[in-house]
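What follows is a set of notes on a single structure, which appears directly below.
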Amino acid sequence: MTGSEAPPSFRLAYVPGVTPSKWVRIWNERLPDVPLALVQVSAAEAPDTLRDGGADAGLVRIPADRGGLAAIPVYTETTVVVVPKDHLVAAVDEVSTADLADEIVLHPLDDTLDWEALPGRPAFERPATTADAIELVAAGIGVLVVPQSLARLHHRKDLTYRPVTDAPASRVALSWPEADPTPDLVEHFIGIVRGRTVNSTRGPQRGSRDAKGGSRGAAAGKAAAGRDPRGGASGGKGGKGGKGGAANSGGGRGGTAKGGRGAGPAKGARTAKGAKGGRRRP
């Protein structure tokens, strides 16, 4: 490495509610010499951050603007409604969107749920962020439907949440700028997220190609070692009545190993048989 080359590093963007700590830990175990830097961005900013080179890959919420980006789904979250603890919804285990028909349902500008039609009654004004909407729920202004991880992220002692059975689900995906081929470090992280082991042949682990090639070379060498230099196949079980003898030794039955097929030449088999009886035709 020359003095002008920067050491390798990996930047991972992630949106609020997503917890990448498990994958970061595995990365640090497998690639301790390549530091991983976390870049927190809003759900709306994540696509542009990746396209502009602000991160090598990102854990984002979809649907999102995916122009110029590749993505693989990682998991799907439960959608919940956040309500005050003394709200009627808090008395049940789950609700449907129809149960929220009489509620003012807040719809923040950073909402990532793919609604066809919002449930309930609209608020007079849309809150700028989910955090702002949480404050309005606490003030008794309305209720908020969000992915469960965001409800946990903005947890308050005076609020609770319940699953909404028929609300759109929030999907989290690993995304990165489209490139051919995909950068090696991105492939490493894809393998980690997909649960590949450190020895997986699909993961671009260091030295994996050499190791694979070495295995093939060893197998080829082993196969070559089992062939007689003059074209006959060597015996697999020599010493048993001549059946396992090499073809050039005059062993029985064409010089093949026990159970072999067609390895010895037919003429060699007749000569060996004639030699056994001590007779040769003129």
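Following the order of the structure tokens, chains are lettered A, B, ..., residues in each are numbered from 1, and ligands are numbered from 1.
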*DSSP helix (DSSP H, G or I) residues within segment 96-145 of chain A, as a list in words*: Thr97, Ala98, Asp99, Leu100, Thr130, Ala131, Asp132, Ala133, Ile134, Glu135, Leu136, Val137 and Ala138 of chain A
_Env of segment 71-82 of chain A: 8 Å cut, atoms = only C-alpha atoms, seq-sep filter 4 positions within chain, self excluded. Answer as an MDAnalysis selection string._
chainID A and resid 134 137 143:149 151 159:165 167:176 193:194
Export, as an mmCIF file, in the first residue's frame, the selected residues with C-alpha atoms.
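Okay, this is what ended up in out.cif:
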data_model
loop_
_atom_site.group_PDB
_atom_site.id
_atom_site.type_symbol
_atom_site.label_atom_id
_atom_site.label_comp_id
_atom_site.auth_asym_id
_atom_site.auth_seq_id
_atom_site.Cartn_x
_atom_site.Cartn_y
_atom_site.Cartn_z
ATOM 1 C CA ILE A 134 -45.542 11.308 19.614
ATOM 2 C CA VAL A 137 -50.340 11.744 21.164
ATOM 3 C CA VAL A 143 -53.201 8.539 17.882
ATOM 4 C CA LEU A 144 -50.268 7.465 15.715
ATOM 5 C CA VAL A 145 -49.751 4.342 13.570
ATOM 6 C CA VAL A 146 -46.075 3.438 13.128
ATOM 7 C CA PRO A 147 -43.697 0.466 12.818
ATOM 8 C CA GLN A 148 -43.207 -1.150 16.224
ATOM 9 C CA SER A 149 -39.505 -0.261 16.393
ATOM 10 C CA ALA A 151 -42.895 3.080 18.958
ATOM 11 C CA LEU A 159 -47.977 5.968 26.275
ATOM 12 C CA THR A 160 -48.461 2.399 25.090
ATOM 13 C CA TYR A 161 -49.097 0.666 21.772
ATOM 14 C CA ARG A 162 -51.095 -2.205 20.286
ATOM 15 C CA PRO A 163 -50.746 -4.132 16.973
ATOM 16 C CA VAL A 164 -52.955 -3.053 14.063
ATOM 17 C CA THR A 165 -53.859 -6.261 12.254
ATOM 18 C CA ALA A 167 -52.309 -1.890 8.546
ATOM 19 C CA PRO A 168 -49.507 -1.828 5.957
ATOM 20 C CA ALA A 169 -46.335 -3.498 7.238
ATOM 21 C CA SER A 170 -42.978 -1.760 7.289
ATOM 22 C CA ARG A 171 -40.192 -3.595 5.459
ATOM 23 C CA VAL A 172 -36.519 -3.060 6.162
ATOM 24 C CA ALA A 173 -34.009 -3.722 3.401
ATOM 25 C CA LEU A 174 -30.260 -3.633 2.917
ATOM 26 C CA SER A 175 -29.537 -1.270 0.027
ATOM 27 C CA TRP A 176 -26.403 -0.132 -1.815
ATOM 28 C CA VAL A 193 -27.038 -10.082 6.960
ATOM 29 C CA ARG A 194 -28.106 -13.242 5.157
#
*Which residue, A:Val18, A:Leu109, A:Ala13, A:Ile26, has the smallest gap to Arg51 of chain A when you use only C-alpha atoms?*
A:Ala13
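Between atom CA of Glu94 of chain A and atom CA of Ala123 of chain A the interatomic distance comes to 22.9 Å.
For the pair atom CA of Pro8 of chain A and atom CA of Leu31 of chain A, the interatomic distance is 10.6 Å.
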_Just the number, please: distance in Å from atom CA of Pro183 of chain A to atom CA of Ala46 of chain A, one decimal._
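Atom CA of Ala46 of chain A lies at a distance of 19.2 Å from atom CA of Pro183 of chain A.
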*Mind checking DSSP for segment 18-119 of chain A and telling me the strand (DSSP E) residues as a PyMOL selection string?*
chain A and resi 36-40+57-62+69-77+79-84+104-106
*Identify which of the residues A:Asp166, A:Arg156, A:Thr197, A:Pro84 lies closest to Thr97 of chain A, counting only C-alpha atoms when measuring atom-to-atom distances.*
A:Asp166
_Counting only C-alpha atoms, the option among A:Ile192, A:Leu136, A:Ala70, A:Val83 closest to Glu178 of chain A_ = A:Ala70
